[in-house]
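Raw run34.cif, mmCIF, C-alpha atoms:
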```cif
data_protein
loop_
_atom_site.label_atom_id
_atom_site.label_comp_id
_atom_site.auth_asym_id
_atom_site.auth_seq_id
_atom_site.Cartn_x
_atom_site.Cartn_y
_atom_site.Cartn_z
CA MET H 21 -24.39 -15.37 3.47
CA GLY H 22 -23.69 -11.77 4.39
CA GLY H 23 -19.99 -12.20 3.86
CA SER H 24 -20.23 -13.64 0.39
CA LEU H 25 -22.75 -11.01 -0.71
CA ASN H 26 -20.36 -8.35 0.51
CA MET H 27 -17.65 -9.74 -1.64
CA VAL H 28 -19.93 -9.84 -4.68
CA GLY H 29 -20.69 -6.20 -4.01
CA TYR H 30 -17.01 -5.43 -3.71
CA GLY H 31 -16.35 -7.18 -7.00
CA LEU H 32 -18.94 -4.95 -8.66
CA ALA H 33 -17.47 -1.88 -6.99
CA ALA H 34 -14.01 -2.76 -8.28
CA ILE H 35 -15.13 -2.54 -11.91
CA GLY H 36 -14.99 1.25 -11.91
CA PRO H 37 -11.43 1.63 -10.61
CA GLY H 38 -10.42 -1.26 -12.89
CA ILE H 39 -11.61 0.61 -15.97
CA GLY H 40 -10.03 3.80 -14.67
CA ILE H 41 -6.64 2.20 -14.11
CA GLY H 42 -6.82 0.61 -17.54
CA LEU H 43 -7.46 4.00 -19.13
CA ILE H 44 -4.61 5.61 -17.19
CA PHE H 45 -2.06 3.03 -18.26
CA ALA H 46 -3.41 3.01 -21.83
CA ALA H 47 -2.74 6.74 -21.99
CA TYR H 48 0.69 6.25 -20.42
CA ILE H 49 1.67 3.56 -22.90
CA ASN H 50 0.34 5.65 -25.77
CA GLY H 51 2.29 8.68 -24.68
CA THR H 52 5.48 6.69 -24.19
CA ALA H 53 5.11 5.02 -27.57
CA ARG H 54 4.72 8.37 -29.29
CA GLN H 55 7.45 10.15 -27.39
CA PRO H 56 9.81 7.71 -25.68
CA GLU H 57 11.93 10.56 -24.29
CA MET H 58 8.98 11.70 -22.18
CA GLN H 59 8.77 8.45 -20.27
CA SER H 60 10.52 9.69 -17.14
CA ARG H 61 8.14 12.67 -16.99
CA LEU H 62 5.05 10.58 -17.59
CA GLN H 63 5.83 7.80 -15.14
CA PRO H 64 5.18 9.64 -11.85
CA ILE H 65 2.01 11.14 -13.31
CA ALA H 66 0.76 7.72 -14.39
CA ILE H 67 1.57 6.11 -11.05
CA LEU H 68 -0.07 9.00 -9.22
CA GLY H 69 -3.22 8.65 -11.27
CA PHE H 70 -3.14 4.92 -10.71
CA ALA H 71 -2.86 5.43 -6.95
CA LEU H 72 -5.75 7.88 -6.87
CA ALA H 73 -8.02 5.60 -8.91
CA GLU H 74 -6.99 2.65 -6.81
CA ALA H 75 -8.04 4.49 -3.65
CA LEU H 76 -11.67 3.88 -4.61
CA ALA H 77 -11.14 0.14 -4.78
CA ILE H 78 -9.28 0.32 -1.47
CA ILE H 79 -12.13 2.13 0.24
CA GLY H 80 -14.44 -0.52 -1.21
CA ILE H 81 -12.53 -3.44 0.28
CA ALA H 82 -12.29 -1.69 3.64
CA LEU H 83 -16.05 -1.11 3.68
CA ALA H 84 -16.73 -4.68 2.60
CA PHE H 85 -14.90 -5.97 5.66
CA VAL H 86 -16.34 -3.35 7.99
CA ILE H 87 -19.92 -4.11 6.99
CA LYS H 88 -19.30 -7.83 7.32
CA ALA H 89 -17.86 -7.41 10.80
CA SER H 90 -20.82 -5.43 12.06
CA ASN H 91 -23.40 -7.78 10.55
CA SER H 92 -22.14 -11.17 11.60
CA MET C 22 -19.13 -29.07 -9.17
CA SER C 23 -21.75 -28.02 -6.65
CA ASP C 24 -21.35 -31.48 -5.13
CA THR C 25 -17.66 -30.96 -4.41
CA GLY C 26 -18.42 -27.54 -3.00
CA LEU C 27 -20.79 -29.14 -0.51
CA VAL C 28 -18.22 -31.76 0.40
CA LEU C 29 -15.59 -29.11 1.03
CA ALA C 30 -17.94 -27.10 3.21
CA ALA C 31 -19.03 -30.15 5.16
CA GLU C 32 -15.52 -31.27 6.03
CA GLY C 33 -14.65 -27.87 7.38
CA PHE C 34 -12.09 -26.05 5.34
CA HIS C 35 -11.47 -22.82 7.18
CA ALA C 36 -11.34 -20.03 4.67
CA PRO C 37 -8.76 -17.44 5.73
CA GLY C 38 -10.07 -14.12 6.92
CA PRO C 39 -8.96 -10.94 8.64
CA ILE C 40 -8.64 -12.88 11.90
CA ASP C 41 -5.55 -14.61 10.51
CA PHE C 42 -3.68 -11.33 10.67
CA PHE C 43 -4.10 -10.96 14.42
CA LEU C 44 -1.05 -12.97 15.36
CA PRO C 45 -0.63 -14.40 18.85
CA ASP C 46 2.09 -12.73 20.87
CA PHE C 47 5.15 -14.39 22.32
CA THR C 48 3.45 -15.31 25.59
CA GLY C 49 0.75 -17.17 23.69
CA ASN C 50 -2.04 -14.65 24.11
CA SER C 51 -4.29 -14.43 21.13
CA TRP C 52 -7.66 -13.13 20.13
CA GLY C 53 -9.84 -13.85 23.17
CA GLU C 54 -13.09 -12.76 24.74
CA HIS C 55 -11.52 -9.49 25.90
CA GLY C 56 -10.56 -8.60 22.37
CA TYR C 57 -7.01 -8.42 21.17
CA GLN C 58 -4.86 -7.95 24.24
CA VAL C 59 -1.31 -8.83 23.45
CA LEU C 60 2.11 -7.68 24.52
CA LEU C 61 4.54 -8.03 21.65
CA THR C 62 3.76 -9.78 18.40
CA LYS C 63 5.82 -10.87 15.43
CA ALA C 64 4.41 -7.92 13.51
CA SER C 65 5.84 -5.26 15.81
CA LEU C 66 9.15 -7.08 16.05
CA LEU C 67 9.33 -7.23 12.26
CA LEU C 68 8.61 -3.51 12.07
CA VAL C 69 11.70 -2.80 14.18
CA LEU C 70 13.69 -5.30 12.15
CA GLY C 71 12.57 -3.51 9.00
CA ALA C 72 14.00 -0.23 10.24
CA VAL C 73 17.26 -1.96 11.21
CA VAL C 74 17.59 -3.70 7.84
CA ALA C 75 16.84 -0.51 5.93
CA TYR C 76 19.47 1.34 7.97
CA LEU C 77 22.03 -1.43 7.53
CA PHE C 78 21.48 -1.56 3.78
CA LEU C 79 22.08 2.16 3.35
CA ALA C 80 24.97 2.22 5.82
CA MET C 81 26.74 -0.78 4.31
CA THR C 82 26.45 0.46 0.76
CA SER C 83 27.66 3.96 1.58
CA ARG C 84 30.32 3.13 4.17
CA ARG C 85 33.33 3.38 1.90
CA GLY C 86 32.49 5.94 -0.70
CA ALA C 87 34.91 5.35 -3.55
CA VAL C 88 35.12 7.30 -6.79
CA VAL C 89 34.91 4.04 -8.70
CA PRO C 90 32.02 2.38 -6.90
CA THR C 91 31.95 -1.26 -5.95
CA LYS C 92 28.91 -3.32 -6.82
CA SER C 93 27.16 -2.79 -3.50
CA GLN C 94 27.92 0.91 -3.47
CA TYR C 95 26.55 1.17 -6.98
CA LEU C 96 23.35 -0.60 -5.94
CA GLY C 97 22.86 1.67 -2.94
CA GLU C 98 23.57 4.79 -4.97
CA GLN C 99 21.17 3.76 -7.69
CA ALA C 100 18.40 3.16 -5.17
CA TYR C 101 19.15 6.43 -3.39
CA ASN C 102 19.29 8.34 -6.66
CA PHE C 103 15.98 6.86 -7.71
CA VAL C 104 14.27 8.43 -4.71
CA ARG C 105 16.29 11.64 -4.75
CA ASN C 106 15.96 12.45 -8.44
CA GLY C 107 12.99 10.39 -9.51
CA ILE C 108 10.70 11.36 -6.67
CA ALA C 109 11.96 14.29 -4.61
CA GLN C 110 13.42 16.45 -7.35
CA ASP C 111 10.72 15.78 -9.90
CA ILE C 112 7.77 16.30 -7.60
CA ILE C 113 8.87 18.90 -5.06
CA GLY C 114 10.98 20.92 -7.47
CA SER C 115 14.68 21.56 -7.70
CA LYS C 116 14.65 24.54 -5.32
CA GLU C 117 13.17 23.07 -2.17
CA TYR C 118 13.62 19.33 -2.46
CA ARG C 119 16.90 18.91 -0.60
CA ARG C 120 15.38 19.26 2.86
CA TYR C 121 12.93 16.44 2.22
CA VAL C 122 15.28 13.88 0.65
CA PRO C 123 16.22 12.23 4.00
CA LEU C 124 12.57 11.85 4.94
CA LEU C 125 11.56 10.42 1.58
CA VAL C 126 14.52 8.06 1.37
CA SER C 127 13.88 6.68 4.85
CA ILE C 128 10.16 6.25 4.19
CA PHE C 129 10.85 4.50 0.90
CA PHE C 130 13.36 2.02 2.28
CA PHE C 131 11.43 1.44 5.48
CA VAL C 132 8.20 0.63 3.66
CA MET C 133 9.95 -1.40 0.98
CA VAL C 134 11.84 -3.61 3.41
CA ASN C 135 8.75 -4.12 5.53
CA ASN C 136 6.66 -5.06 2.52
CA LEU C 137 9.27 -7.47 1.26
CA PHE C 138 9.12 -9.29 4.60
CA GLY C 139 5.84 -10.70 3.35
CA ILE C 140 7.75 -12.81 0.81
CA VAL C 141 10.85 -13.71 2.80
CA PRO C 142 10.64 -17.33 4.00
CA VAL C 143 10.34 -17.82 7.79
CA LEU C 144 9.29 -14.19 8.33
CA THR C 145 6.38 -14.23 5.84
CA PHE C 146 4.45 -11.38 7.36
CA ALA C 147 4.27 -7.86 6.07
CA PRO C 148 3.78 -5.60 9.10
CA PHE C 149 1.74 -3.15 7.05
CA SER C 150 -0.91 -5.78 6.54
CA ARG C 151 -1.97 -4.71 10.03
CA VAL C 152 -3.74 -1.42 9.59
CA SER C 153 -2.54 0.21 12.79
CA PHE C 154 1.06 0.38 11.57
CA ALA C 155 -0.07 1.95 8.33
CA TYR C 156 -2.13 4.48 10.32
CA GLY C 157 0.94 5.38 12.33
CA LEU C 158 3.03 6.05 9.26
CA ALA C 159 0.24 8.06 7.64
CA VAL C 160 -0.18 10.19 10.78
CA LEU C 161 3.54 10.98 10.61
CA VAL C 162 3.21 12.05 6.98
CA TRP C 163 0.07 14.05 7.79
CA LEU C 164 1.82 15.94 10.58
CA ILE C 165 4.79 16.65 8.34
CA TYR C 166 2.98 18.00 5.31
CA ASN C 167 0.59 20.09 7.35
CA GLY C 168 3.49 21.32 9.46
CA VAL C 169 5.45 22.27 6.36
CA GLY C 170 2.48 24.15 4.98
CA ILE C 171 1.86 26.00 8.24
CA MET C 172 5.54 26.89 8.55
CA HIS C 173 5.57 28.37 5.07
CA LYS C 174 2.26 30.19 4.95
CA GLY C 175 1.10 30.56 8.54
CA PHE C 176 -1.94 28.78 9.90
CA GLY C 177 -4.63 30.85 8.23
CA GLY C 178 -2.69 31.14 5.02
CA TYR C 179 -2.18 27.41 4.79
CA LEU C 180 -5.80 26.68 5.58
CA LYS C 181 -6.86 29.05 2.82
CA HIS C 182 -4.30 27.54 0.47
CA ALA C 183 -5.49 24.01 1.17
CA THR C 184 -9.23 24.58 1.10
CA VAL C 185 -10.01 27.50 -1.19
CA PRO C 186 -9.37 26.65 -4.83
CA SER C 187 -8.42 29.61 -6.96
CA GLY C 188 -10.29 30.69 -10.02
CA VAL C 189 -13.80 29.55 -9.16
CA PRO C 190 -16.83 31.85 -8.86
CA ALA C 191 -17.59 32.98 -5.32
CA TRP C 192 -21.11 31.55 -5.13
CA ILE C 193 -19.86 27.96 -5.40
CA LEU C 194 -17.27 28.36 -2.63
CA PRO C 195 -19.61 27.36 0.23
CA LEU C 196 -19.96 24.02 -1.54
CA LEU C 197 -16.33 23.60 -2.51
CA VAL C 198 -14.55 24.65 0.66
CA PRO C 199 -15.95 21.86 2.89
CA LEU C 200 -15.27 19.35 0.14
CA GLU C 201 -11.71 20.53 -0.29
CA PHE C 202 -11.20 20.48 3.47
CA LEU C 203 -12.51 16.94 3.63
CA SER C 204 -10.41 15.70 0.74
CA ASN C 205 -7.17 17.55 1.51
CA ILE C 206 -7.06 17.41 5.28
CA LEU C 207 -9.21 14.54 6.50
CA ILE C 208 -9.43 11.88 3.77
CA ARG C 209 -5.83 12.06 2.59
CA PRO C 210 -4.17 10.28 5.53
CA VAL C 211 -6.94 7.67 5.50
CA THR C 212 -6.49 6.75 1.85
CA LEU C 213 -2.73 6.96 2.19
CA SER C 214 -2.70 4.38 4.96
CA LEU C 215 -5.52 2.23 3.63
CA ARG C 216 -3.87 1.96 0.24
CA LEU C 217 -0.69 0.55 1.72
CA PHE C 218 -2.58 -1.63 4.18
CA ALA C 219 -5.13 -3.05 1.78
CA ASN C 220 -2.57 -3.94 -0.85
CA MET C 221 -0.41 -5.86 1.59
CA PHE C 222 -3.46 -7.35 3.28
CA ALA C 223 -5.14 -8.54 0.09
CA GLY C 224 -1.94 -9.98 -1.31
CA HIS C 225 -1.20 -11.85 1.88
CA LEU C 226 -4.76 -13.11 2.10
CA LEU C 227 -4.46 -14.50 -1.42
CA LEU C 228 -1.22 -16.24 -0.49
CA ILE C 229 -2.84 -17.81 2.57
CA LEU C 230 -5.88 -18.82 0.58
CA PHE C 231 -3.93 -20.52 -2.18
CA SER C 232 -1.48 -22.30 0.10
CA THR C 233 -3.96 -23.56 2.70
CA GLY C 234 -6.56 -24.29 0.04
CA GLY C 235 -4.01 -26.15 -2.06
CA ALA C 236 -2.86 -28.19 0.92
CA TYR C 237 -6.44 -29.00 1.82
CA LEU C 238 -7.31 -30.09 -1.70
CA LEU C 239 -4.20 -32.24 -1.98
CA ILE C 240 -4.36 -33.95 1.40
CA HIS C 241 -7.84 -33.93 2.88
CA ALA C 242 -10.37 -33.42 0.14
CA THR C 243 -12.07 -36.51 -1.22
CA GLY C 244 -15.01 -37.10 -3.44
CA SER C 245 -13.84 -36.22 -6.91
CA VAL C 246 -10.93 -36.94 -9.23
CA VAL C 247 -10.37 -33.32 -10.13
CA LEU C 248 -9.59 -32.20 -6.58
CA LYS C 249 -5.92 -33.20 -6.42
CA PRO C 250 -4.97 -31.61 -9.76
CA ALA C 251 -6.89 -28.55 -8.59
CA GLY C 252 -4.69 -28.52 -5.49
CA VAL C 253 -1.55 -28.59 -7.62
CA LEU C 254 -2.98 -25.76 -9.71
CA ALA C 255 -3.70 -23.78 -6.56
CA PHE C 256 -0.11 -24.14 -5.42
CA ALA C 257 1.18 -23.04 -8.83
CA LEU C 258 -1.10 -20.01 -8.72
CA GLY C 259 0.10 -19.29 -5.20
CA VAL C 260 3.71 -19.20 -6.42
CA ALA C 261 2.73 -16.89 -9.27
CA ILE C 262 0.97 -14.59 -6.81
CA GLY C 263 4.09 -14.63 -4.67
CA PHE C 264 5.99 -13.07 -7.56
CA LEU C 265 3.19 -10.58 -8.09
CA GLU C 266 3.52 -9.70 -4.41
CA ILE C 267 7.16 -8.71 -4.90
CA VAL C 268 6.09 -6.26 -7.59
CA VAL C 269 3.27 -4.93 -5.40
CA ALA C 270 5.63 -4.49 -2.44
CA LEU C 271 8.01 -2.35 -4.48
CA LEU C 272 5.19 -0.47 -6.19
CA GLN C 273 3.46 0.38 -2.93
CA ALA C 274 6.67 1.67 -1.38
CA TYR C 275 7.09 3.85 -4.47
CA VAL C 276 3.49 5.05 -4.39
CA PHE C 277 3.64 5.87 -0.67
CA THR C 278 6.81 7.91 -1.14
CA LEU C 279 5.46 9.57 -4.27
CA LEU C 280 2.28 10.63 -2.52
CA THR C 281 4.23 11.94 0.47
CA ALA C 282 6.30 14.05 -1.90
CA GLN C 283 3.14 15.14 -3.67
CA TYR C 284 1.48 16.28 -0.44
CA ILE C 285 4.57 18.16 0.68
CA SER C 286 4.80 19.79 -2.72
CA GLY C 287 1.13 20.73 -2.55
CA ALA C 288 1.65 22.33 0.85
CA LEU C 289 4.64 24.28 -0.45
CA ALA C 290 3.17 25.40 -3.78
CA SER C 291 2.62 29.10 -4.23
CA GLU C 292 -0.65 30.55 -5.40
CA HIS C 293 -1.05 30.84 -9.11
#
```
Please lay out the structure from this file as structure tokens.
Amino acid sequence: MGGSLNMVGYGLAAIGPGIGIGLIFAAYINGTARQPEMQSRLQPIAILGFALAEALAIIGIALAFVIKASNS
Amino acid sequence: MSDTGLVLAAEGFHAPGPIDFFLPDFTGNSWGEHGYQVLLTKASLLLVLGAVVAYLFLAMTSRRGAVVPTKSQYLGEQAYNFVRNGIAQDIIGSKEYRRYVPLLVSIFFFVMVNNLFGIVPVLTFAPFSRVSFAYGLAVLVWLIYNGVGIMHKGFGGYLKHATVPSGVPAWILPLLVPLEFLSNILIRPVTLSLRLFANMFAGHLLLILFSTGGAYLLIHATGSVVLKPAGVLAFALGVAIGFLEIVVALLQAYVFTLLTAQYISGALASEH
């Protein structure tokens, strides 16, 4: 039971980074559509923002497994 | 549907978990009562193989440098240029970046080849889905970017540069400095390694889940008509996720290299 509840919690925790990553790529696509010549400048920035937002989800999955291991 | 769920649970389908990533070593030792005491596993062998393959790729494609490149030379040069211009030059800046190109290129190819091992038939294990390897690589990067900063600014200067943000009122500094120290010095290597690890881990776990679950549904599961088509669907999804894994493997190699360049650039940056 503990394990599955952990994963439900992780699913909830992943909503935030999911929205964040969506916003980042929406802005990236918008910027590229308006100024296609800026794409090479925007790409590292977008990927960097994506990586930083994703870190939250990553910490979440690590904690989900850690808590499960100590409980069971 | 709850009926079939009960049937599946009763007949003992073993859902994959983190334990599946602790491979037995070549003498047959596996996870036992003493913990994980092994000599040499497939994962560590693959890590060495990854370095060899990355070296061979770069050496083969650059062995005969011709003015009119052959196909393989063109491929190698494109990949090299991507890291040199797309990552090193853009992030670190055109004045300082040359010294760090070898480091970034080797990290990129090393991580990329190792990640792609997760998809290659027979090998099918990405070494970085074991967290200790990712920790090792992150510690290397941590030592390098802190070392670069200390070399450029001196120990105290670098510590001030990394922890004291400029342009904030003095009364908030007691709050900000510990936070900046935590985020720039302590948390960075952790997220850097966990990002790589968790992506490879989660992708591989999904692959295991869909393939073993699909096999179970097709062969062993009984009790409902929908189970065998569900098994076929699981296999199809597994193949789709395999393709997604290729993208993730390349993307994570790119992200790891990009963040390394970003940290080095942050350690080098002058006050403004």
Between atom CA of Leu217 of chain C and atom CA of Ala72 of chain C, distance in Å (one decimal):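 Distance reported for this atom pair: 17.0 Å.
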I'd like the contact shell of Pro148 of chain C - 10 Å cut-off, all atoms listed in the file, skipping same-chain residues fewer than 3 positions apart - returned as a list in words.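 Here the qualifying residues turn out to be Phe42, Lys63, Ala64, Ser65, Leu66, Leu67, Leu68, Val69, Gly71, Val132, Asn135, Asn136, Leu137, Phe138, Gly139, Thr145, Arg151, Val152, Ser153, Phe154, Ala155, Phe218, Met221 and Phe222 of chain C.
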Considering only C-alpha atoms, extract the chain C residues located within 8 Å of chain H and return them as a list of chain:residue names. C:Ile108, C:Thr212, C:Leu215, C:Arg216, C:Ala219, C:Asn220, C:Val276, C:Leu279, C:Leu280
Convert the output of the PyMOL selection byres ((chain C and resi 236) around 12) on the shown file into explicit residues, formatted as a VMD selection string. chain C and resid 34 to 35 229 to 235 237 to 242 248 to 257 259
Using all atoms listed in the file, find each residue in segment 95-121 of chain C having at least one atom no more than 12 Å away from segment 73-80 of chain C; report its shortest atom-to-atom pair and that distance in Å (one decimal), rows by chain then rising number, as JSON lines.
```
{"residue": "C:Tyr95", "atom": "CA", "partner": "C:Leu79", "partner_atom": "CA", "distance": 11.3}
{"residue": "C:Leu96", "atom": "CA", "partner": "C:Leu79", "partner_atom": "CA", "distance": 9.8}
{"residue": "C:Gly97", "atom": "CA", "partner": "C:Leu79", "partner_atom": "CA", "distance": 6.4}
{"residue": "C:Glu98", "atom": "CA", "partner": "C:Leu79", "partner_atom": "CA", "distance": 8.9}
{"residue": "C:Gln99", "atom": "CA", "partner": "C:Leu79", "partner_atom": "CA", "distance": 11.2}
{"residue": "C:Ala100", "atom": "CA", "partner": "C:Leu79", "partner_atom": "CA", "distance": 9.3}
{"residue": "C:Tyr101", "atom": "CA", "partner": "C:Leu79", "partner_atom": "CA", "distance": 8.5}
```
Nearest residue to Leu44 of chain C out of C:Phe264, C:Phe146, C:Trp192, C:Tyr121, using only C-alpha atoms?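 Going through C:Phe264, C:Phe146, C:Trp192, C:Tyr121 one by one, the smallest distance to Leu44 of chain C is for C:Phe146.
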Taking the file as I've supplied it (selection: the PyMOL selection byres ((chain C and resi 278) around 9)), which residues are included? Please answer as an MDAnalysis selection string. chainID C and resid 104 108:109 125:126 128:129 132 273:277 279:283
Could you check how far atom CA of Val86 of chain H sits from atom CA of Gly40 of chain H, in Å to one decimal?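 Going from atom CA of Val86 of chain H over to atom CA of Gly40 of chain H, I get 24.6 Å.
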Selection in question (the file shown): the PyMOL selection byres ((chain C and resi 166-181) around 7). Which residues does it include, as a PyMOL selection string? chain C and resi 162-165+182-185+284-285+288-289
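Using all atoms listed in the file, the protein and nucleic acid residues lying at most 8 Å from the point (-13.5, -2.2, -6.9) are Tyr30, Gly31, Leu32, Ala33, Ala34, Ile35, Gly36, Pro37, Gly38, Leu76, Ala77, Ile78, Gly80 and Ile81 of chain H.
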What does the structure give for the distance between atom CA of Met27 of chain H and atom CA of Ala84 of chain H, in Å to one decimal?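 So the answer is 6.7 Å.
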